[in-house]
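All remarks here apply to the structure that follows.
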Amino acid sequence: MNPKYPHLCAPITLGRVTFRNRMFAAPIGGTDITADCCVGPRTPAFYELRAKGGAASVTASELVVHPATDASHMFHLDLKTPGCLASWTWVADAISRQGAVPSVELSHSGQYAGTYLVDKDKKKGLSQYGPSDWVRPDGISVKALTLDQIDDIVKAYGETAALAKRAGFQMVMVHAGHGWLINQFLSPAFNHRQDQYGGSFENRIRFARRVLQSVRDAVGSGFPIELRMSGSELFEGGYDLQGGVEIAKALEDLVDLIHVSAGSYQFGFFDTHPSMFSDHGCNVYLAAEIKKHVKVPVATIGGLNDPAQMEQIIASGMADVVEMGRAILADPELPMKVMSNRDEEIVRCLRCFTCMAERPTTGTRRCTVNPLIGRECEGLELVPAAKSKKVYVAGGGVAGMEAALTAARRGHQVTLFEKSDALGGILKSEQAIPFKYEMYQLSLSLAKMMEREEVTVLLNTELTPEILEREKPDALIIAVGSTPIVPPLPGMDGDNVVIVNNYYLEKERVKDQVVVLGGGLAGCECAVHLGMEGKQVHLVEMRDALAVDCNIRHRPILMKQVDKYTTVHTNCQGLRVTAEGLVCRNADGEEILIPGQTVICAVGQRPNRPQVDALRFGAPFVRQIGDCARVSNITNAIYQGYHAALSI
Ligand SMILES: Cc1cc2nc3c(=O)[nH]c(=O)nc-3n(C[C@H](O)[C@H](O)[C@H](O)COP(=O)(O)O)c2cc1C
């Protein structure tokens, strides 16, 4: 077989270690931390899943090298804490037994110590240390590190690296980006020292060089060191790309791979983690420029998930390695699918930030499109069913498709009934909104995989009680979805009204001045899209806040887009639609006209209960999943679909 993406699939050697391809799994903070800051029992499986999927290297994160000055409740590695070294050994082992190179990120968050504490009161009470005294934008004071503390931290990097090597890691990543401690020393915005660590470039780079030298002395030559840096801090006062080039040039002699990320914590979170509103690969230019000036290989990262784009990046010499964080959480098998020319089966990351939002919310990880994430060691991976059963699935939306696919993968004979002429359910409507296209693409990937697993798909066919009576399946999964709510307002049936779910079919009917009724997630995102298309958009919401159902990471960035592209009217209740727009009652009880040639109705969904009720006794095993059970989101639809099929 000739690989479709030969550059992406080519091995690379760093130091004395050869990596099986150019796709590296970037660090994604582990959440399974024991009370004494060791790696918990779930962690090896968290990393092993990505190693199994074919990544060339998997970096475990984020190992705090000097707990005395970096007081976050994060992973430590020392010989004093019973079981600590062993816990890391199991992580390295879990990665390397799957053919990936195990790496671990050595980190110090400096002035951002405590960032990941779920207990925000405790975070306020911590001591934060950085290069200089200052008060952070959120009011937290930072103390300047003393020269003795700096010496101690430098030593700790080396000691931790040596222990990591002893635990079985075959590479270390030194985190010098994203505004963490080493970055703070490099940054003219944060480093105001007047001693040998501040002022001139030579002084600002000194801490990084000492750290890297300490690590190199500990691990020896030939053991690869990956330097993670921000190519540019991307905020005013921080270093720019030219500064990034100088930093890379000044450190390259001590490392084997320069990993160019972007941005700085608190000042550019969405540069580091590009959202669905950014282009894929929006940070590649940083790596490409740095690569022109250094001899060591360079890695790039940021919103990458498309093999064709990644192949082009490597083939054109912009970078030697591509790293993915969220894309490999979403589909750990992405590298294997690329290596075996099955890229159309890749389940793409939606950049919805569920993964990020889950940690501050519940202290765990989750992924919208991957039901295993954060639950990798619960025995949930697919195993063939003891007996192959006849499984019927009613509904070809995302929940039904995930259930059908999973059941088929377990060896059941699956038939999926979809009453419309296409699979995808509510996700079909996302195809007209470019920044949500990957949600639509999810339905295409699921359809492709169902085809491969020989699921019988019957389109234009509603599963009825009569069919069930006649065919007697062993198991029935009901995934018949939901219907848009259309409030019974005068004028709602007019030609100037479009239901948000039908927008993709009726796009041409939407004129230049639009009122979107409903400021939930769907309404906000549609309004932003219309604004991006150059339309004048009014967004109307009855409650006092928008997108309250949205996760805490995606919401702030969505709100920025809403502010940019729409005029918002909260506490405003729609009363009737007229040819001039939407008449509403505002917070003062007055009737006002919000002008618009088109009104888009986006007030939510209602479960299709009558259809569920008709089917609910249709087989010995019955499970209701997705919106028809309770209107929710893609995360729950996928999760329930997977688990329904696992239970058969
Ligand atoms: C849930 C989550 C956890 C992360 N944890 C870490 C971490 O512990 N250390 C780190 O250096 N970067 C961390 N990152 C940043 C990623 O390594 C990566 O730089 C970023 O997500 C951009 O890459 P992507 O677009 O491929 O996801 C995290 C990102 C996410 C989404």
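Convention: chains lettered A, B, ... in structure tokens order; per-chain residue numbering from 1; ligands numbered from 1 as shown.
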
All residues having an atom within 7 Å of ligand 1 (only C-alpha atoms and all ligand atoms) as a list in words: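 Protein and nucleic-acid residues within 7 Å of ligand 1: Ala26, Pro27, Ile28, Gly29, Gly30, Ser61, Glu62, His175, Ser261, Thr272, His273, Pro274, Ile301, Gly302, Gly303, Leu304, Glu323, Met324, Gly325, Arg326, Ala327, Phe353, Cys355 and Met356 of chain A.
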
Next, the residues of the selection above should be written as a PDB file, in the first residue's frame with N, CA and C atoms.
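Okay, result.pdb is ready:
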ATOM      1  N   ALA A  26       0.127  15.961  21.552  1.00  0.00           N
ATOM      2  CA  ALA A  26       0.572  17.054  22.434  1.00  0.00           C
ATOM      3  C   ALA A  26       0.024  16.843  23.853  1.00  0.00           C
ATOM      4  N   PRO A  27       0.634  17.499  24.836  1.00  0.00           N
ATOM      5  CA  PRO A  27       0.167  17.308  26.212  1.00  0.00           C
ATOM      6  C   PRO A  27      -1.256  17.811  26.439  1.00  0.00           C
ATOM      7  N   ILE A  28      -2.026  16.982  27.068  1.00  0.00           N
ATOM      8  CA  ILE A  28      -3.381  17.336  27.511  1.00  0.00           C
ATOM      9  C   ILE A  28      -3.398  17.026  29.001  1.00  0.00           C
ATOM     10  N   GLY A  29      -3.547  18.028  29.810  1.00  0.00           N
ATOM     11  CA  GLY A  29      -3.400  17.877  31.262  1.00  0.00           C
ATOM     12  C   GLY A  29      -4.206  16.722  31.833  1.00  0.00           C
ATOM     13  N   GLY A  30      -3.528  15.897  32.602  1.00  0.00           N
ATOM     14  CA  GLY A  30      -4.209  14.786  33.260  1.00  0.00           C
ATOM     15  C   GLY A  30      -5.023  15.309  34.436  1.00  0.00           C
ATOM     16  N   SER A  61       1.356  15.001  30.659  1.00  0.00           N
ATOM     17  CA  SER A  61       1.507  16.362  31.187  1.00  0.00           C
ATOM     18  C   SER A  61       0.811  16.453  32.531  1.00  0.00           C
ATOM     19  N   GLU A  62       0.928  17.477  33.293  1.00  0.00           N
ATOM     20  CA  GLU A  62       1.943  18.484  33.258  1.00  0.00           C
ATOM     21  C   GLU A  62       2.668  18.283  34.567  1.00  0.00           C
ATOM     22  N   HIS A 175       8.566  22.764  29.050  1.00  0.00           N
ATOM     23  CA  HIS A 175       7.517  23.736  28.703  1.00  0.00           C
ATOM     24  C   HIS A 175       8.024  25.156  28.938  1.00  0.00           C
ATOM     25  N   SER A 261       4.447  26.708  19.592  1.00  0.00           N
ATOM     26  CA  SER A 261       3.036  26.975  19.861  1.00  0.00           C
ATOM     27  C   SER A 261       2.852  28.494  19.846  1.00  0.00           C
ATOM     28  N   THR A 272      -3.482  30.160  21.797  1.00  0.00           N
ATOM     29  CA  THR A 272      -2.893  28.861  22.139  1.00  0.00           C
ATOM     30  C   THR A 272      -3.829  27.728  21.733  1.00  0.00           C
ATOM     31  N   HIS A 273      -5.116  27.945  21.951  1.00  0.00           N
ATOM     32  CA  HIS A 273      -6.121  26.908  21.674  1.00  0.00           C
ATOM     33  C   HIS A 273      -7.106  27.472  20.653  1.00  0.00           C
ATOM     34  N   PRO A 274      -6.751  27.453  19.368  1.00  0.00           N
ATOM     35  CA  PRO A 274      -7.622  28.104  18.383  1.00  0.00           C
ATOM     36  C   PRO A 274      -9.051  27.537  18.431  1.00  0.00           C
ATOM     37  N   ILE A 301       1.735  23.391  15.784  1.00  0.00           N
ATOM     38  CA  ILE A 301       0.505  22.967  16.464  1.00  0.00           C
ATOM     39  C   ILE A 301      -0.538  24.071  16.398  1.00  0.00           C
ATOM     40  N   GLY A 302      -1.800  23.679  16.558  1.00  0.00           N
ATOM     41  CA  GLY A 302      -2.873  24.668  16.690  1.00  0.00           C
ATOM     42  C   GLY A 302      -4.010  24.423  15.724  1.00  0.00           C
ATOM     43  N   GLY A 303      -5.036  23.716  16.197  1.00  0.00           N
ATOM     44  CA  GLY A 303      -6.230  23.512  15.382  1.00  0.00           C
ATOM     45  C   GLY A 303      -6.001  22.641  14.166  1.00  0.00           C
ATOM     46  N   LEU A 304      -4.992  21.781  14.219  1.00  0.00           N
ATOM     47  CA  LEU A 304      -4.726  20.906  13.066  1.00  0.00           C
ATOM     48  C   LEU A 304      -5.540  19.616  13.216  1.00  0.00           C
ATOM     49  N   GLU A 323       1.887  18.460  15.662  1.00  0.00           N
ATOM     50  CA  GLU A 323       1.404  18.009  16.971  1.00  0.00           C
ATOM     51  C   GLU A 323      -0.082  18.323  17.045  1.00  0.00           C
ATOM     52  N   MET A 324      -0.798  17.430  17.695  1.00  0.00           N
ATOM     53  CA  MET A 324      -2.233  17.646  17.871  1.00  0.00           C
ATOM     54  C   MET A 324      -2.599  17.408  19.320  1.00  0.00           C
ATOM     55  N   GLY A 325      -3.388  18.286  19.863  1.00  0.00           N
ATOM     56  CA  GLY A 325      -3.926  18.093  21.200  1.00  0.00           C
ATOM     57  C   GLY A 325      -5.321  17.520  21.083  1.00  0.00           C
ATOM     58  N   ARG A 326      -6.264  18.397  20.769  1.00  0.00           N
ATOM     59  CA  ARG A 326      -7.677  17.988  20.777  1.00  0.00           C
ATOM     60  C   ARG A 326      -8.031  16.996  19.675  1.00  0.00           C
ATOM     61  N   ALA A 327      -7.373  17.114  18.509  1.00  0.00           N
ATOM     62  CA  ALA A 327      -7.758  16.230  17.396  1.00  0.00           C
ATOM     63  C   ALA A 327      -7.527  14.760  17.749  1.00  0.00           C
ATOM     64  N   PHE A 353     -14.590  22.875  22.953  1.00  0.00           N
ATOM     65  CA  PHE A 353     -14.040  23.130  24.293  1.00  0.00           C
ATOM     66  C   PHE A 353     -14.698  22.342  25.416  1.00  0.00           C
ATOM     67  N   CYS A 355     -13.692  19.501  26.228  1.00  0.00           N
ATOM     68  CA  CYS A 355     -12.536  18.901  26.911  1.00  0.00           C
ATOM     69  C   CYS A 355     -11.975  19.845  27.968  1.00  0.00           C
ATOM     70  N   MET A 356     -11.888  21.112  27.616  1.00  0.00           N
ATOM     71  CA  MET A 356     -11.315  22.102  28.546  1.00  0.00           C
ATOM     72  C   MET A 356     -12.286  22.454  29.651  1.00  0.00           C
TER      73      MET A 356
END

Shell around stretch 288-293 of chain A at 12 Å using only C-alpha atoms, local window under 5 positions removed, as number ranges by chain: A: 229-232, 240-252, 257-261, 281-283, 298-301, 313-314, 316-322

Straight-line distance linking atom CA of A:Cys628 with atom CA of A:Glu438, stated in Å to one decimal: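 Taking atom CA of A:Cys628 and atom CA of A:Glu438, their separation equals 23.0 Å.
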
9 Å contact set for stretch 401-414 of chain A, only C-alpha atoms, chain neighbours under 2 positions out, as an MDAnalysis selection string: chainID A and resid 382:393 395:399 416 423:424 443 446:447 449:451 453:457 477 479 625 637:646 648

Write the residues of the selection above to a file with C-alpha atoms, as a compact mmCIF listing (two decimals), in the first residue's frame.
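Output saved as part-v6.txt:
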# COMPACT_ATOMS: atom_id res chain seq x y z
CA LEU A 382 -15.33 -2.48 22.43
CA VAL A 383 -15.37 -6.23 22.82
CA PRO A 384 -17.27 -8.61 20.55
CA ALA A 385 -20.69 -9.60 21.90
CA ALA A 386 -20.99 -13.19 23.14
CA LYS A 387 -23.93 -13.71 20.78
CA SER A 388 -24.65 -11.77 17.61
CA LYS A 389 -28.10 -10.23 17.88
CA LYS A 390 -30.59 -8.59 15.56
CA VAL A 391 -30.48 -4.90 16.49
CA TYR A 392 -32.85 -2.23 15.15
CA VAL A 393 -32.11 1.43 15.50
CA GLY A 395 -33.42 7.33 13.86
CA GLY A 396 -30.34 8.28 11.88
CA GLY A 397 -29.17 11.29 13.86
CA VAL A 398 -25.88 11.29 15.68
CA ALA A 399 -27.12 9.23 18.65
CA LEU A 416 -30.95 1.57 11.02
CA LEU A 423 -28.60 10.60 7.70
CA GLY A 424 -27.38 13.20 10.17
CA SER A 443 -22.34 12.61 10.56
CA LEU A 446 -20.16 8.04 11.18
CA ALA A 447 -21.98 7.13 7.95
CA MET A 449 -17.81 3.87 9.29
CA MET A 450 -21.30 2.34 9.39
CA GLU A 451 -20.88 1.41 5.73
CA GLU A 453 -19.25 -2.20 9.37
CA GLU A 454 -22.08 -3.26 7.03
CA VAL A 455 -24.90 -1.59 8.93
CA THR A 456 -28.06 -1.81 6.82
CA VAL A 457 -29.40 1.72 6.42
CA ILE A 477 -32.53 1.55 20.21
CA ALA A 479 -33.13 7.62 18.76
CA ILE A 625 -31.15 7.80 23.65
CA ALA A 637 -26.01 11.84 22.14
CA ILE A 638 -22.67 10.16 21.39
CA TYR A 639 -22.19 8.98 24.95
CA GLN A 640 -25.63 7.45 25.21
CA GLY A 641 -25.41 5.91 21.74
CA TYR A 642 -22.13 4.22 22.56
CA HIS A 643 -23.33 2.89 25.90
CA ALA A 644 -26.66 1.67 24.63
CA ALA A 645 -24.81 -0.46 22.09
CA LEU A 646 -22.31 -1.63 24.68
CA ILE A 648 -26.57 -5.28 24.13

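Closest approach to A:Leu427 among A:Gln611, A:Ser278, A:Asp493, A:Asn501 is made by A:Asn501 (distances from only C-alpha atoms).
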
Those in stretch 260-383 of chain A with strand (DSSP E or B) from DSSP, as a list in words: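 Answer for stretch 260-383 of chain A, restricted to strand (DSSP E or B): Val260, Ser261, Ser264, Val298, Ala299, Thr300, Ile301, Val321, Val322, Glu323 and Met324 of chain A.
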
For those residues, write N, CA and C atoms to a file as a PDB file, in the first residue's frame.
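Ended up saving to out_33.pdb:
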ATOM      1  N   VAL A 260       6.756  24.765  18.273  1.00  0.00           N
ATOM      2  CA  VAL A 260       6.339  26.171  18.249  1.00  0.00           C
ATOM      3  C   VAL A 260       4.826  26.287  18.417  1.00  0.00           C
ATOM      4  N   SER A 261       4.447  26.708  19.592  1.00  0.00           N
ATOM      5  CA  SER A 261       3.036  26.975  19.861  1.00  0.00           C
ATOM      6  C   SER A 261       2.852  28.494  19.846  1.00  0.00           C
ATOM      7  N   SER A 264      -0.078  33.404  25.185  1.00  0.00           N
ATOM      8  CA  SER A 264       0.299  33.461  26.580  1.00  0.00           C
ATOM      9  C   SER A 264      -0.960  33.389  27.437  1.00  0.00           C
ATOM     10  N   VAL A 298      11.586  21.232  13.649  1.00  0.00           N
ATOM     11  CA  VAL A 298      10.587  22.129  14.248  1.00  0.00           C
ATOM     12  C   VAL A 298       9.208  21.465  14.147  1.00  0.00           C
ATOM     13  N   ALA A 299       8.447  21.615  15.223  1.00  0.00           N
ATOM     14  CA  ALA A 299       7.065  21.099  15.224  1.00  0.00           C
ATOM     15  C   ALA A 299       6.093  22.274  15.246  1.00  0.00           C
ATOM     16  N   THR A 300       4.909  22.035  14.678  1.00  0.00           N
ATOM     17  CA  THR A 300       3.870  23.062  14.697  1.00  0.00           C
ATOM     18  C   THR A 300       2.600  22.496  15.330  1.00  0.00           C
ATOM     19  N   ILE A 301       1.735  23.391  15.784  1.00  0.00           N
ATOM     20  CA  ILE A 301       0.505  22.967  16.464  1.00  0.00           C
ATOM     21  C   ILE A 301      -0.538  24.071  16.398  1.00  0.00           C
ATOM     22  N   VAL A 321       7.356  18.219  12.052  1.00  0.00           N
ATOM     23  CA  VAL A 321       6.455  17.385  12.861  1.00  0.00           C
ATOM     24  C   VAL A 321       5.171  18.176  13.071  1.00  0.00           C
ATOM     25  N   VAL A 322       4.016  17.486  13.067  1.00  0.00           N
ATOM     26  CA  VAL A 322       2.784  18.168  13.472  1.00  0.00           C
ATOM     27  C   VAL A 322       2.336  17.590  14.806  1.00  0.00           C
ATOM     28  N   GLU A 323       1.887  18.460  15.662  1.00  0.00           N
ATOM     29  CA  GLU A 323       1.404  18.009  16.971  1.00  0.00           C
ATOM     30  C   GLU A 323      -0.082  18.323  17.045  1.00  0.00           C
ATOM     31  N   MET A 324      -0.798  17.430  17.695  1.00  0.00           N
ATOM     32  CA  MET A 324      -2.233  17.646  17.871  1.00  0.00           C
ATOM     33  C   MET A 324      -2.599  17.408  19.320  1.00  0.00           C
TER      34      MET A 324
END

Output as CSV one row per residue of stretch 80-174 of chain A within 7 Å of stretch 211-227 of chain A: the closest atom pair and its distance in Å to one decimal place, counting only C-alpha atoms, sorted by chain and residue number ascending.
residue,atom,partner,partner_atom,distance
A:Val154,CA,A:Val211,CA,5.0
A:Lys155,CA,A:Ser214,CA,6.5
A:Tyr157,CA,A:Val215,CA,6.0
A:Gly158,CA,A:Val215,CA,4.3
A:Glu159,CA,A:Ala218,CA,6.8
A:Ala161,CA,A:Val215,CA,5.9
A:Ala162,CA,A:Ala218,CA,5.2
A:Lys165,CA,A:Val219,CA,6.8
A:Gln170,CA,A:Phe223,CA,6.8
A:Met171,CA,A:Pro224,CA,5.0
A:Val172,CA,A:Ile225,CA,5.2
A:Met173,CA,A:Glu226,CA,4.5
A:Val174,CA,A:Leu227,CA,5.0

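Remark: for A:Ala176, the closest of the candidate residues A:Val515, A:Ala94, A:Ala357, A:Ala262 is A:Ala262 (distances computed over only C-alpha atoms).
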
At a cut-off of 9 Å, can you tabulate as JSON lines every residue of stretch 140-213 of chain A near stretch 72-93 of chain A together with its closest atom pair and the distance in Å to one decimal, using only C-alpha atoms and ordering rows by chain then number?
{"residue": "A:Glu159", "atom": "CA", "partner": "A:Asp78", "partner_atom": "CA", "distance": 8.7}
{"residue": "A:Thr160", "atom": "CA", "partner": "A:Leu77", "partner_atom": "CA", "distance": 6.5}
{"residue": "A:Leu163", "atom": "CA", "partner": "A:Leu77", "partner_atom": "CA", "distance": 7.4}
{"residue": "A:Ala164", "atom": "CA", "partner": "A:Trp88", "partner_atom": "CA", "distance": 7.5}
{"residue": "A:Arg166", "atom": "CA", "partner": "A:Thr89", "partner_atom": "CA", "distance": 8.1}
{"residue": "A:Ala167", "atom": "CA", "partner": "A:Thr89", "partner_atom": "CA", "distance": 4.4}
{"residue": "A:Gly168", "atom": "CA", "partner": "A:Ala92", "partner_atom": "CA", "distance": 5.5}
{"residue": "A:Phe169", "atom": "CA", "partner": "A:Ala92", "partner_atom": "CA", "distance": 5.4}
{"residue": "A:Gln170", "atom": "CA", "partner": "A:Ala92", "partner_atom": "CA", "distance": 8.3}

For stretch 187-203 of chain A, work out the shell of residues within 10 Å, counting only C-alpha atoms and skipping chain neighbours fewer than 6 positions away, then give it as a tab-separated table (two decimals) with C-alpha atoms, in the first residue's frame.
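Contents of selection_5.tsv, as written:
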chain	number	residue	atom	x	y	z
A	111	GLN	CA	3.07	33.28	38.43
A	130	GLY	CA	7.60	34.80	38.87
A	131	PRO	CA	10.60	36.71	37.58
A	132	SER	CA	9.36	39.99	39.08
A	133	ASP	CA	6.99	41.38	41.68
A	134	TRP	CA	3.65	42.43	40.21
A	144	ALA	CA	9.98	37.71	42.46
A	145	LEU	CA	12.04	34.54	42.77
A	147	LEU	CA	18.59	33.79	43.21
A	150	ILE	CA	16.19	30.04	40.85
A	179	GLY	CA	3.17	32.18	29.69
A	181	LEU	CA	7.68	30.23	34.19
A	209	ARG	CA	19.53	27.93	29.04
A	232	SER	CA	5.11	34.84	19.56
A	233	GLU	CA	3.38	35.88	22.75
A	235	PHE	CA	-0.01	40.44	22.96
A	236	GLU	CA	1.21	43.99	23.17
A	237	GLY	CA	4.34	44.21	25.27
A	238	GLY	CA	5.16	40.52	24.87
A	239	TYR	CA	7.83	39.26	22.47
A	240	ASP	CA	6.82	38.99	18.82
A	243	GLY	CA	11.70	37.63	19.38
A	246	GLU	CA	15.91	34.87	18.48
A	247	ILE	CA	14.85	32.64	21.38
A	250	ALA	CA	19.64	30.93	21.28
A	264	SER	CA	0.30	33.46	26.58

Using DSSP on the backbone coordinates, identify the residues of stretch 148-336 of chain A assigned to helix (DSSP H, G or I); present them as a tab-separated table (two decimals) with C-alpha atoms, in the first residue's frame.
chain	number	residue	atom	x	y	z
A	148	ASP	CA	18.64	30.80	45.56
A	149	GLN	CA	15.15	29.79	44.51
A	150	ILE	CA	16.19	30.04	40.85
A	151	ASP	CA	19.19	27.77	41.51
A	152	ASP	CA	16.92	25.33	43.26
A	153	ILE	CA	14.40	25.26	40.39
A	154	VAL	CA	17.13	24.75	37.80
A	155	LYS	CA	18.41	21.79	39.83
A	156	ALA	CA	14.88	20.42	40.17
A	157	TYR	CA	14.40	20.35	36.39
A	158	GLY	CA	17.46	18.12	36.09
A	159	GLU	CA	16.48	15.87	38.97
A	160	THR	CA	12.96	15.43	37.65
A	161	ALA	CA	14.26	14.71	34.14
A	162	ALA	CA	16.57	12.03	35.55
A	163	LEU	CA	13.68	10.42	37.41
A	164	ALA	CA	11.49	10.59	34.31
A	165	LYS	CA	14.18	8.75	32.35
A	166	ARG	CA	14.43	6.18	35.13
A	167	ALA	CA	10.65	5.72	34.97
A	181	LEU	CA	7.68	30.23	34.19
A	182	ILE	CA	10.39	29.92	31.54
A	183	ASN	CA	8.24	32.00	29.18
A	184	GLN	CA	7.83	34.57	31.97
A	185	PHE	CA	11.61	34.98	32.11
A	186	LEU	CA	11.79	35.28	28.30
A	201	PHE	CA	18.14	39.40	25.76
A	202	GLU	CA	21.21	37.51	26.92
A	203	ASN	CA	20.02	37.85	30.52
A	204	ARG	CA	16.37	36.97	29.81
A	206	ARG	CA	19.76	32.74	30.88
A	207	PHE	CA	17.15	30.92	32.96
A	208	ALA	CA	15.97	28.88	29.96
A	209	ARG	CA	19.53	27.93	29.04
A	210	ARG	CA	20.35	26.89	32.60
A	211	VAL	CA	17.19	24.77	32.79
A	212	LEU	CA	17.91	23.05	29.49
A	213	GLN	CA	21.54	22.47	30.43
A	214	SER	CA	20.42	20.96	33.73
A	215	VAL	CA	18.04	18.64	31.88
A	216	ARG	CA	20.67	17.74	29.29
A	217	ASP	CA	23.21	16.93	32.02
A	218	ALA	CA	20.63	14.69	33.66
A	219	VAL	CA	19.47	12.73	30.61
A	241	LEU	CA	7.78	36.48	16.12
A	242	GLN	CA	11.16	38.13	15.64
A	243	GLY	CA	11.70	37.63	19.38
A	244	GLY	CA	10.58	34.03	19.01
A	245	VAL	CA	13.15	33.48	16.25
A	246	GLU	CA	15.91	34.87	18.48
A	247	ILE	CA	14.85	32.64	21.38
A	248	ALA	CA	14.82	29.54	19.18
A	249	LYS	CA	18.26	30.37	17.80
A	250	ALA	CA	19.64	30.93	21.28
A	251	LEU	CA	18.38	27.58	22.61
A	252	GLU	CA	18.65	25.19	19.67
A	253	ASP	CA	22.05	23.82	20.64
A	254	LEU	CA	20.51	22.34	23.79
A	269	PHE	CA	-5.85	31.72	25.52
A	270	PHE	CA	-7.53	31.39	22.14
A	271	ASP	CA	-4.26	31.88	20.28
A	272	THR	CA	-2.89	28.86	22.14
A	284	VAL	CA	1.73	27.40	11.39
A	285	TYR	CA	3.31	30.62	10.13
A	286	LEU	CA	5.17	30.93	13.46
A	287	ALA	CA	6.85	27.54	13.11
A	288	ALA	CA	7.53	28.14	9.41
A	289	GLU	CA	9.41	31.35	10.15
A	290	ILE	CA	11.40	29.85	13.02
A	291	LYS	CA	12.29	26.85	10.89
A	307	PRO	CA	-4.33	15.14	7.02
A	308	ALA	CA	-4.14	16.88	3.66
A	309	GLN	CA	-3.23	20.16	5.33
A	310	MET	CA	-0.73	18.47	7.66
A	311	GLU	CA	0.90	16.65	4.74
A	312	GLN	CA	1.26	19.96	2.94
A	313	ILE	CA	2.85	21.59	5.99
A	314	ILE	CA	5.54	18.93	6.14
A	315	ALA	CA	5.98	18.47	2.41
A	326	ARG	CA	-7.68	17.99	20.78
A	327	ALA	CA	-7.76	16.23	17.40
A	328	ILE	CA	-6.19	13.10	18.90
A	329	LEU	CA	-8.49	13.24	21.91
A	330	ALA	CA	-11.42	13.35	19.52
A	334	LEU	CA	-6.37	9.56	13.66
A	335	PRO	CA	-2.69	8.69	13.05
A	336	MET	CA	-3.54	5.04	12.33

Nearest residue to A:Tyr504 from the set A:Tyr440, A:Tyr112, A:Phe267, A:Phe621 (distances using only C-alpha atoms):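 Nearest to A:Tyr504: A:Tyr440.
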
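Using only C-alpha atoms, the smallest distance between any of A:Ile12, A:Ala602, A:Leu63, A:Leu615 and A:Leu468 comes from A:Leu615.
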
Between atom CA of A:Met1 and atom CA of A:Leu14 - distance in Å to one decimal: 26.5 Å

Find the residues near A:Val486: any atom within 10 Å, counting only C-alpha atoms, skip ones fewer than 2 places away on the same chain, and give them as a tab-separated table (two decimals) with N, CA and C atoms, in the first residue's frame.
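Contents of out.tsv, as written:
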chain	number	residue	atom	x	y	z
A	483	THR	N	-38.01	17.88	17.73
A	483	THR	CA	-38.62	18.75	16.71
A	483	THR	C	-38.45	20.19	17.18
A	484	PRO	N	-38.16	21.11	16.24
A	484	PRO	CA	-38.04	22.50	16.69
A	484	PRO	C	-39.33	23.03	17.30
A	488	PRO	N	-46.41	29.77	19.29
A	488	PRO	CA	-47.64	30.11	18.55
A	488	PRO	C	-47.88	31.63	18.51
A	489	LEU	N	-46.95	32.34	17.90
A	489	LEU	CA	-47.10	33.80	17.82
A	489	LEU	C	-47.75	34.16	16.49
A	492	MET	N	-46.00	33.82	12.76
A	492	MET	CA	-44.90	32.82	12.74
A	492	MET	C	-44.97	31.93	11.50
A	493	ASP	N	-46.17	31.85	10.90
A	493	ASP	CA	-46.28	31.00	9.71
A	493	ASP	C	-46.04	31.79	8.43
A	499	ILE	N	-37.18	28.56	10.15
A	499	ILE	CA	-36.82	27.81	11.36
A	499	ILE	C	-35.32	27.51	11.27
A	601	CYS	N	-36.34	31.59	13.65
A	601	CYS	CA	-36.87	31.09	14.91
A	601	CYS	C	-35.91	30.03	15.47
A	602	ALA	N	-35.35	30.32	16.64
A	602	ALA	CA	-34.37	29.39	17.25
A	602	ALA	C	-34.66	29.30	18.75
A	603	VAL	N	-35.85	28.83	19.07
A	603	VAL	CA	-36.21	28.85	20.50
A	603	VAL	C	-36.09	27.47	21.16
A	604	GLY	N	-35.51	26.52	20.47
A	604	GLY	CA	-35.24	25.24	21.13
A	604	GLY	C	-35.95	24.06	20.48
A	605	GLN	N	-35.80	22.93	21.10
A	605	GLN	CA	-36.29	21.66	20.55
A	605	GLN	C	-37.19	20.96	21.57
A	606	ARG	N	-38.08	20.13	21.06
A	606	ARG	CA	-38.96	19.33	21.93
A	606	ARG	C	-38.76	17.85	21.58

Proximity to A:Ile33 - best of A:Arg576, A:Arg555, A:His178, A:Arg359, only C-alpha atoms: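 Residue with the minimum atom-to-atom distance to A:Ile33: A:Arg359.
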
Spatial neighbours of A:Pro371, max dist 8 Å, only C-alpha atoms, sep filter under 2 positions, as an NGL selection string: :A and (366-369 or 373 or 375 or 635 or 638-639 or 642)

All residues 7 Å or closer to stretch 49-58 of chain A, only C-alpha atoms, same chain fewer than 3 positions away omitted, as a VMD selection string: chain A and resid 19 to 26 45 to 46 95 98 to 103 328 332 to 336

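In this comparison, which uses only C-alpha atoms, the residue of A:Thr415, A:Thr566, A:Ser107, A:Thr598 approaching A:Pro473 most closely is A:Thr415.
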